[in-house]
>>> print(open('run.cif').read())   # mmCIF, C-alpha atoms
data_start
loop_
_atom_site.label_atom_id
_atom_site.label_comp_id
_atom_site.auth_asym_id
_atom_site.auth_seq_id
_atom_site.Cartn_x
_atom_site.Cartn_y
_atom_site.Cartn_z
CA MET A 1113 13.20 17.91 -1.39
CA ASN A 1114 10.91 17.13 1.56
CA PHE A 1115 7.49 18.71 1.78
CA PRO A 1116 5.86 19.32 5.17
CA LEU A 1117 3.33 16.78 6.36
CA HIS A 1118 -0.20 17.99 6.97
CA ASP A 1119 -1.18 18.64 10.56
CA GLY A 1120 -4.17 16.26 10.58
CA SER A 1121 -6.76 18.79 9.33
CA CYS A 1122 -7.13 16.57 6.27
CA GLY A 1123 -8.54 19.08 3.86
CA HIS A 1124 -6.71 17.25 1.10
CA SER A 1125 -7.21 14.13 -1.00
CA CYS A 1126 -4.55 12.25 0.95
CA CYS A 1127 -7.09 11.87 3.77
CA LEU A 1128 -9.14 8.65 3.95
CA ARG A 1129 -12.30 8.47 6.05
CA VAL A 1130 -14.22 5.21 6.46
CA GLU A 1131 -17.51 5.24 8.37
CA ASN A 1132 -19.69 2.22 9.20
CA VAL A 1133 -18.53 0.30 6.13
CA SER A 1134 -19.87 -3.24 5.75
CA VAL A 1135 -19.37 -5.74 2.93
CA ARG A 1136 -21.66 -8.69 2.27
CA ILE A 1137 -21.57 -11.52 -0.20
CA GLY A 1138 -25.10 -12.84 -0.33
CA THR A 1139 -26.11 -13.33 3.28
CA ASP A 1140 -22.50 -13.70 4.46
CA SER A 1141 -21.07 -10.68 6.28
CA ILE A 1142 -17.43 -10.26 5.22
CA LEU A 1143 -16.85 -6.94 7.01
CA LYS A 1144 -19.05 -5.17 9.53
CA ASP A 1145 -19.13 -1.55 10.74
CA MET A 1146 -15.57 -0.59 9.79
CA ASN A 1147 -14.53 2.89 10.97
CA LEU A 1148 -11.11 4.30 10.17
CA HIS A 1149 -9.47 7.68 9.60
CA VAL A 1150 -6.13 7.79 7.82
CA HIS A 1151 -4.72 11.31 8.15
CA CYS A 1152 -2.60 12.91 5.47
CA GLY A 1153 0.99 11.74 5.69
CA GLN A 1154 0.28 8.76 7.93
CA MET A 1155 1.35 5.16 7.47
CA VAL A 1156 -1.37 2.80 8.68
CA ALA A 1157 -0.92 -0.97 8.92
CA LEU A 1158 -3.92 -3.28 8.61
CA ILE A 1159 -3.34 -6.65 10.30
CA GLY A 1160 -5.43 -9.73 10.97
CA PRO A 1161 -5.52 -13.50 10.47
CA ASN A 1162 -6.01 -15.11 7.07
CA GLY A 1163 -9.60 -14.66 5.96
CA ALA A 1164 -10.11 -11.61 8.18
CA GLY A 1165 -11.22 -9.45 5.23
CA LYS A 1166 -8.12 -7.30 4.80
CA SER A 1167 -7.94 -7.58 1.00
CA THR A 1168 -11.72 -7.16 0.75
CA PHE A 1169 -11.44 -3.92 2.72
CA LEU A 1170 -8.77 -2.60 0.36
CA LYS A 1171 -10.91 -3.51 -2.65
CA ALA A 1172 -13.85 -1.61 -1.16
CA ILE A 1173 -11.66 1.48 -0.78
CA LEU A 1174 -10.43 1.05 -4.35
CA GLY A 1175 -14.03 0.86 -5.61
CA GLN A 1176 -13.65 -2.77 -6.69
CA ARG A 1177 -16.14 -4.18 -4.17
CA GLU A 1178 -19.67 -3.01 -3.33
CA TYR A 1179 -20.15 -1.87 0.25
CA GLU A 1180 -22.54 -0.14 2.61
CA GLY A 1181 -21.47 2.95 4.51
CA VAL A 1182 -19.22 5.89 3.66
CA ILE A 1183 -15.75 5.97 2.13
CA ALA A 1184 -14.65 9.56 1.61
CA PHE A 1185 -11.47 11.52 1.13
CA SER A 1186 -12.12 14.58 3.26
CA GLU A 1187 -13.34 15.67 6.67
CA PRO A 1188 -17.12 15.59 7.38
CA GLY A 1189 -18.81 18.61 5.85
CA GLN A 1190 -16.11 19.12 3.25
CA ARG A 1191 -16.47 18.24 -0.42
CA SER A 1192 -14.92 14.84 -1.02
CA ARG A 1193 -12.42 15.07 -3.85
CA LYS A 1194 -11.50 11.98 -5.78
CA PRO A 1195 -7.86 11.20 -5.03
CA ARG A 1196 -5.21 9.53 -7.11
CA ILE A 1197 -4.65 6.13 -5.54
CA GLY A 1198 -1.56 4.05 -6.19
CA TYR A 1199 -2.11 0.32 -5.64
CA VAL A 1200 0.35 -2.54 -5.31
CA PRO A 1201 -1.41 -5.94 -5.20
CA GLN A 1202 0.02 -9.04 -3.59
CA SER A 1203 3.09 -10.06 -5.57
CA PRO A 1204 2.08 -11.64 -8.88
CA ALA A 1205 4.03 -14.64 -10.12
CA PHE A 1206 6.21 -14.29 -13.21
CA ASP A 1207 7.78 -17.14 -15.15
CA PRO A 1208 11.61 -16.93 -14.85
CA SER A 1209 11.89 -17.97 -18.50
CA ASP A 1210 9.63 -15.13 -19.66
CA PRO A 1211 11.73 -12.62 -21.66
CA VAL A 1212 9.72 -9.60 -20.46
CA SER A 1213 12.05 -7.03 -18.89
CA VAL A 1214 11.25 -4.32 -16.35
CA ALA A 1215 11.40 -1.79 -19.20
CA ASP A 1216 8.89 -3.89 -21.18
CA LEU A 1217 6.55 -4.03 -18.16
CA PHE A 1218 6.58 -0.25 -17.81
CA ALA A 1219 6.05 0.18 -21.55
CA CYS A 1220 2.97 -2.07 -21.44
CA CYS A 1221 1.53 -0.09 -18.53
CA MET A 1222 2.44 3.44 -19.60
CA SER A 1223 2.61 3.54 -23.40
CA ARG A 1224 0.42 2.66 -26.35
CA ARG A 1225 3.49 1.62 -28.30
CA PRO A 1226 3.80 -2.20 -28.44
CA ALA A 1227 6.55 -3.38 -26.09
CA PHE A 1228 8.10 -5.62 -28.75
CA LEU A 1229 9.03 -2.51 -30.73
CA GLY A 1230 11.34 -1.44 -27.91
CA LEU A 1231 11.52 1.74 -25.87
CA GLY A 1232 12.21 5.08 -27.43
CA LYS A 1233 14.82 7.31 -25.78
CA SER A 1234 12.20 9.50 -24.13
CA MET A 1235 10.21 6.56 -22.75
CA ARG A 1236 13.35 4.89 -21.42
CA GLN A 1237 14.24 8.07 -19.54
CA THR A 1238 10.72 8.19 -18.10
CA VAL A 1239 11.10 4.62 -16.84
CA LEU A 1240 14.48 5.47 -15.31
CA ASP A 1241 12.92 8.48 -13.57
CA CYS A 1242 10.18 6.26 -12.13
CA LEU A 1243 12.69 3.68 -10.93
CA GLU A 1244 14.82 6.43 -9.38
CA ARG A 1245 12.01 7.08 -6.88
CA VAL A 1246 12.62 3.59 -5.47
CA HIS A 1247 16.40 3.59 -6.02
CA GLY A 1248 16.02 0.91 -8.69
CA GLN A 1249 17.44 2.34 -11.91
CA GLU A 1250 19.74 -0.68 -12.27
CA LEU A 1251 16.70 -2.96 -12.62
CA ILE A 1252 15.48 -1.49 -15.92
CA ASP A 1253 16.87 -4.25 -18.19
CA LYS A 1254 16.41 -7.19 -15.82
CA ARG A 1255 13.82 -9.84 -16.68
CA VAL A 1256 10.84 -9.51 -14.36
CA GLY A 1257 10.76 -13.24 -13.68
CA THR A 1258 14.31 -13.21 -12.30
CA LEU A 1259 13.78 -10.40 -9.78
CA SER A 1260 14.08 -11.14 -6.08
CA GLY A 1261 11.07 -10.49 -3.87
CA GLY A 1262 12.44 -7.13 -2.77
CA GLU A 1263 13.35 -6.09 -6.31
CA LEU A 1264 9.90 -6.98 -7.61
CA GLN A 1265 8.25 -4.94 -4.86
CA ARG A 1266 10.39 -1.94 -5.82
CA VAL A 1267 9.34 -2.26 -9.46
CA LEU A 1268 5.65 -2.56 -8.58
CA LEU A 1269 5.99 0.37 -6.21
CA ALA A 1270 7.61 2.47 -8.92
CA LEU A 1271 4.65 1.69 -11.20
CA ALA A 1272 2.18 2.65 -8.47
CA LEU A 1273 3.94 6.00 -8.00
CA GLU A 1274 3.40 7.07 -11.63
CA PRO A 1275 1.61 9.41 -11.65
CA LEU A 1276 2.28 10.39 -8.03
CA PRO A 1277 -0.76 9.39 -5.96
CA ASN A 1278 -2.37 11.02 -2.94
CA ILE A 1279 -2.83 7.67 -1.23
CA LEU A 1280 -0.74 4.53 -1.65
CA ILE A 1281 -2.40 1.17 -0.92
CA LEU A 1282 -0.18 -1.90 -0.55
CA ASP A 1283 -1.45 -5.45 -0.12
CA GLU A 1284 1.21 -7.53 1.69
CA PRO A 1285 4.24 -5.64 0.32
CA LEU A 1286 6.59 -7.59 2.64
CA SER A 1287 5.47 -11.00 1.36
CA GLY A 1288 8.33 -12.89 -0.27
CA VAL A 1289 10.91 -10.35 0.93
CA ASP A 1290 13.78 -11.50 3.16
CA VAL A 1291 14.36 -9.97 6.61
CA GLU A 1292 17.04 -7.54 5.46
CA GLY A 1293 14.95 -6.55 2.46
CA MET A 1294 11.93 -5.82 4.68
CA ALA A 1295 13.81 -3.08 6.53
CA VAL A 1296 15.08 -1.63 3.24
CA LEU A 1297 11.56 -1.60 1.79
CA MET A 1298 10.04 -0.01 4.90
CA ASP A 1299 12.77 2.66 4.93
CA MET A 1300 11.87 3.37 1.31
CA LEU A 1301 8.15 3.65 2.05
CA ASP A 1302 8.88 5.99 4.93
CA GLU A 1303 11.04 8.13 2.65
CA ILE A 1304 8.38 8.17 -0.07
CA ARG A 1305 5.53 9.30 2.17
CA LYS A 1306 7.63 12.12 3.62
CA THR A 1307 9.09 13.23 0.30
CA TYR A 1308 5.82 13.23 -1.64
CA ASP A 1309 3.44 13.95 1.26
CA LEU A 1310 1.15 11.00 0.67
CA SER A 1311 -0.69 8.55 2.92
CA ILE A 1312 0.01 4.82 3.03
CA LEU A 1313 -2.39 2.03 3.95
CA MET A 1314 -0.84 -1.42 3.90
CA THR A 1315 -1.65 -4.95 5.01
CA THR A 1316 1.05 -7.09 6.55
CA HIS A 1317 1.68 -10.30 8.50
CA ASP A 1318 5.04 -9.04 9.77
CA PHE A 1319 4.69 -7.14 13.03
CA SER A 1320 8.30 -6.59 14.08
CA LEU A 1321 8.79 -3.38 12.07
CA LEU A 1322 5.45 -1.74 12.92
CA PRO A 1323 6.58 0.14 16.06
CA ARG A 1324 9.32 1.81 14.03
CA TYR A 1325 7.28 2.85 11.01
CA ALA A 1326 3.50 2.77 11.53
CA ASP A 1327 1.48 5.66 12.93
CA GLN A 1328 -1.59 3.47 13.41
CA VAL A 1329 -2.19 -0.27 13.50
CA VAL A 1330 -5.67 -1.66 12.88
CA LEU A 1331 -6.44 -5.26 13.89
CA ILE A 1332 -9.42 -6.73 12.08
CA ASP A 1333 -11.22 -10.03 11.94
CA ARG A 1334 -14.29 -9.21 9.86
CA ALA A 1335 -14.63 -6.15 12.10
CA ILE A 1336 -12.16 -3.84 13.79
CA LEU A 1337 -11.08 -5.48 17.05
CA ILE A 1338 -8.75 -2.69 18.15
CA GLN A 1339 -6.89 0.23 16.60
CA GLY A 1340 -4.30 2.65 17.88
CA SER A 1341 -0.55 3.05 18.14
CA PRO A 1342 1.60 0.00 17.35
CA GLU A 1343 2.44 -0.37 21.04
CA THR A 1344 -1.24 -0.26 22.05
CA VAL A 1345 -2.36 -2.84 19.51
CA LEU A 1346 0.60 -5.26 19.71
CA ASN A 1347 0.36 -5.42 23.51
CA SER A 1348 -3.43 -5.75 23.64
CA GLY A 1349 -5.48 -8.72 24.69
CA GLU A 1350 -7.18 -8.69 21.30
CA PHE A 1351 -3.83 -9.14 19.55
CA SER A 1352 -2.76 -11.91 21.96
CA ARG A 1353 -6.01 -13.84 21.53
CA THR A 1354 -5.92 -13.48 17.74
CA PHE A 1355 -2.30 -14.46 17.09
CA HIS A 1356 -1.37 -16.31 20.31
CA MET A 1357 1.62 -14.04 20.84
CA LYS A 1358 2.46 -10.88 22.72
CA GLY A 1359 4.08 -7.72 21.43
CA GLY A 1360 4.42 -9.15 17.94
CA SER A 1361 6.65 -12.06 18.97
CA LEU A 1362 5.99 -15.66 19.97
#
>>> encode(input="run.cif", output="structure tokens")
Amino acid sequence: MNFPLHDGSCGHSCCLRVENVSVRIGTDSILKDMNLHVHCGQMVALIGPNGAGKSTFLKAILGQREYEGVIAFSEPGQRSRKPRIGYVPQSPAFDPSDPVSVADLFACCMSRRPAFLGLGKSMRQTVLDCLERVHGQELIDKRVGTLSGGELQRVLLALALEPLPNILILDEPLSGVDVEGMAVLMDMLDEIRKTYDLSILMTTHDFSLLPRYADQVVLIDRAILIQGSPETVLNSGEFSRTFHMKGGSL
């Protein structure tokens, strides 16, 4: 069942408003005067060179990094309600010889019952329901260390969607995923935001799919250089000077 997207009024916790946010480490300015508004239901891509501060920005939003300025989840003048935020970090590495299965991983994250005791029938069904959101039920008994890049992202995404968040934050979800898998993953993210009426903020180094999926693209290098539609940003002088390419291609 698809729920209607909000019209941009953003009276809900799926709205993200960032005003004049700066992050410092000692005397070093990591981010300066960041301003961004992610409307309910939007997919926003954060791009920039390595060391631009993308992950630091996400950590500030998540409350894991001290900052100056305002990070709120409502329009100005409205009471900011704390949202549920789902977070998928950059793909962690798992040892292929590790016996931990996808079911075990979910059990460790969602249950107080020790994973080595196995999953009860009810818990196993809960895991299957979570995996169904990402069309990954067949992964439940696979060892985590043997998953492909795309399969691992689906598992991590399923974890981030339980309980269903208002805002989903993804740090380089396309990293380690092959070209075909990137399109599959982006289709899935597009389906998820429309089905569950949530907002998505993601970082990426792959620009080819942005015109098809992103509502906004934000180019940063310790500050916002330009933001707007994918076409506006990818064809801008700021993008060309930063990445030495035009339109997202060499």
>>> atom_distance(input="run.cif", atom1="CA of Ala1215 in chain A", atom2="CA of Leu1286 in chain A")
23.1 Å
>>> closest_atom_pairs(input="run.cif", of="range 1259-1303 of chain A", to="range 1131-1154 of chain A", cutoff="10 Å", atoms="only C-alpha atoms", output="CSV")
residue,atom,partner,partner_atom,distance
A:Asn1278,CA,A:Cys1152,CA,8.6
A:Ile1279,CA,A:Cys1152,CA,8.5
A:Asp1302,CA,A:Gln1154,CA,9.5
>>> resolve_selection(input="run.cif", expression="the PyMOL selection byres ((chain A and resi 1255-1264) around 12)", output="JSON, numbers by chain")
{"A": [1200, 1201, 1202, 1203, 1204, 1205, 1206, 1207, 1208, 1209, 1210, 1211, 1212, 1213, 1214, 1215, 1216, 1217, 1218, 1243, 1246, 1247, 1248, 1249, 1250, 1251, 1252, 1253, 1254, 1265, 1266, 1267, 1268, 1269, 1270, 1271, 1284, 1285, 1286, 1287, 1288, 1289, 1290, 1291, 1292, 1293, 1294, 1295, 1296, 1297, 1298, 1300]}
>>> closest_residue(input="run.cif", among="A:Ala1335, A:Glu1244, A:Glu1343, A:Val1329", to="Ile1159 in chain A", atoms="only C-alpha atoms")
A:Val1329
>>> closest_atom_pairs(input="run.cif", of="range 1229-1300 of chain A", to="range 1169-1184 of chain A", cutoff="9 Å", atoms="all atoms listed in the file", output="Markdown table")
| residue | atom | partner | partner_atom | distance |
| --- | --- | --- | --- | --- |
| A:Ile1281 | CA | A:Leu1170 | CA | 7.5 |
| A:Leu1282 | CA | A:Leu1170 | CA | 8.7 |
| A:Asp1283 | CA | A:Leu1170 | CA | 7.9 |
>>> atom_distance(input="run.cif", atom1="CA of Leu1231 in chain A", atom2="CA of Ala1219 in chain A")
7.1 Å
>>> resolve_selection(input="run.cif", expression="the PyMOL selection byres ((chain A and resi 1344) around 12)", output="ChimeraX atom specification")
/A:1322-1323,1326-1331,1338-1343,1345-1352,1358-1360
>>> write_last_selection(input="run.cif", atoms="C-alpha atoms", output="PDB file, in the coordinates of the input")
ATOM      1  CA  LEU A1322       5.450  -1.740  12.920  1.00  0.00           C
ATOM      2  CA  PRO A1323       6.580   0.140  16.060  1.00  0.00           C
ATOM      3  CA  ALA A1326       3.500   2.770  11.530  1.00  0.00           C
ATOM      4  CA  ASP A1327       1.480   5.660  12.930  1.00  0.00           C
ATOM      5  CA  GLN A1328      -1.590   3.470  13.410  1.00  0.00           C
ATOM      6  CA  VAL A1329      -2.190  -0.270  13.500  1.00  0.00           C
ATOM      7  CA  VAL A1330      -5.670  -1.660  12.880  1.00  0.00           C
ATOM      8  CA  LEU A1331      -6.440  -5.260  13.890  1.00  0.00           C
ATOM      9  CA  ILE A1338      -8.750  -2.690  18.150  1.00  0.00           C
ATOM     10  CA  GLN A1339      -6.890   0.230  16.600  1.00  0.00           C
ATOM     11  CA  GLY A1340      -4.300   2.650  17.880  1.00  0.00           C
ATOM     12  CA  SER A1341      -0.550   3.050  18.140  1.00  0.00           C
ATOM     13  CA  PRO A1342       1.600   0.000  17.350  1.00  0.00           C
ATOM     14  CA  GLU A1343       2.440  -0.370  21.040  1.00  0.00           C
ATOM     15  CA  VAL A1345      -2.360  -2.840  19.510  1.00  0.00           C
ATOM     16  CA  LEU A1346       0.600  -5.260  19.710  1.00  0.00           C
ATOM     17  CA  ASN A1347       0.360  -5.420  23.510  1.00  0.00           C
ATOM     18  CA  SER A1348      -3.430  -5.750  23.640  1.00  0.00           C
ATOM     19  CA  GLY A1349      -5.480  -8.720  24.690  1.00  0.00           C
ATOM     20  CA  GLU A1350      -7.180  -8.690  21.300  1.00  0.00           C
ATOM     21  CA  PHE A1351      -3.830  -9.140  19.550  1.00  0.00           C
ATOM     22  CA  SER A1352      -2.760 -11.910  21.960  1.00  0.00           C
ATOM     23  CA  LYS A1358       2.460 -10.880  22.720  1.00  0.00           C
ATOM     24  CA  GLY A1359       4.080  -7.720  21.430  1.00  0.00           C
ATOM     25  CA  GLY A1360       4.420  -9.150  17.940  1.00  0.00           C
TER      26      GLY A1360
END
>>> atom_distance(input="run.cif", atom1="CA of Met1357 in chain A", atom2="CA of Leu1301 in chain A")
26.6 Å
>>> closest_residue(input="run.cif", among="A:Ser1311, A:Ser1320, A:Asn1162, A:Ser1125", to="Tyr1199 in chain A", atoms="all atoms listed in the file")
A:Ser1311
>>> closest_residue(input="run.cif", among="A:Gly1232, A:Cys1127, A:Val1239, A:Gly1160", to="Phe1319 in chain A", atoms="only C-alpha atoms")
A:Gly1160
>>> closest_residue(input="run.cif", among="A:Thr1315, A:Pro1161, A:Leu1273, A:Ile1304", to="Asp1241 in chain A", atoms="all atoms listed in the file")
A:Leu1273
>>> closest_residue(input="run.cif", among="A:Asp1299, A:Thr1354, A:Lys1194, A:Thr1316", to="Asp1333 in chain A", atoms="all atoms listed in the file")
A:Thr1354
>>> axis_aligned_box(input="run.cif", around="range 1272-1277 of chain A", padding_each_side="3 Å", output="AutoDock Vina command-line options")
--center_x 1.6 --center_y 6.5 --center_z -8.8 --size_x 10.7 --size_y 13.7 --size_z 11.7
>>> resolve_selection(input="run.cif", expression="the PyMOL selection byres ((chain A and resi 1196) around 6)", output="list in words")
Pro1195, Ile1197, Pro1277 and Asn1278 of chain A
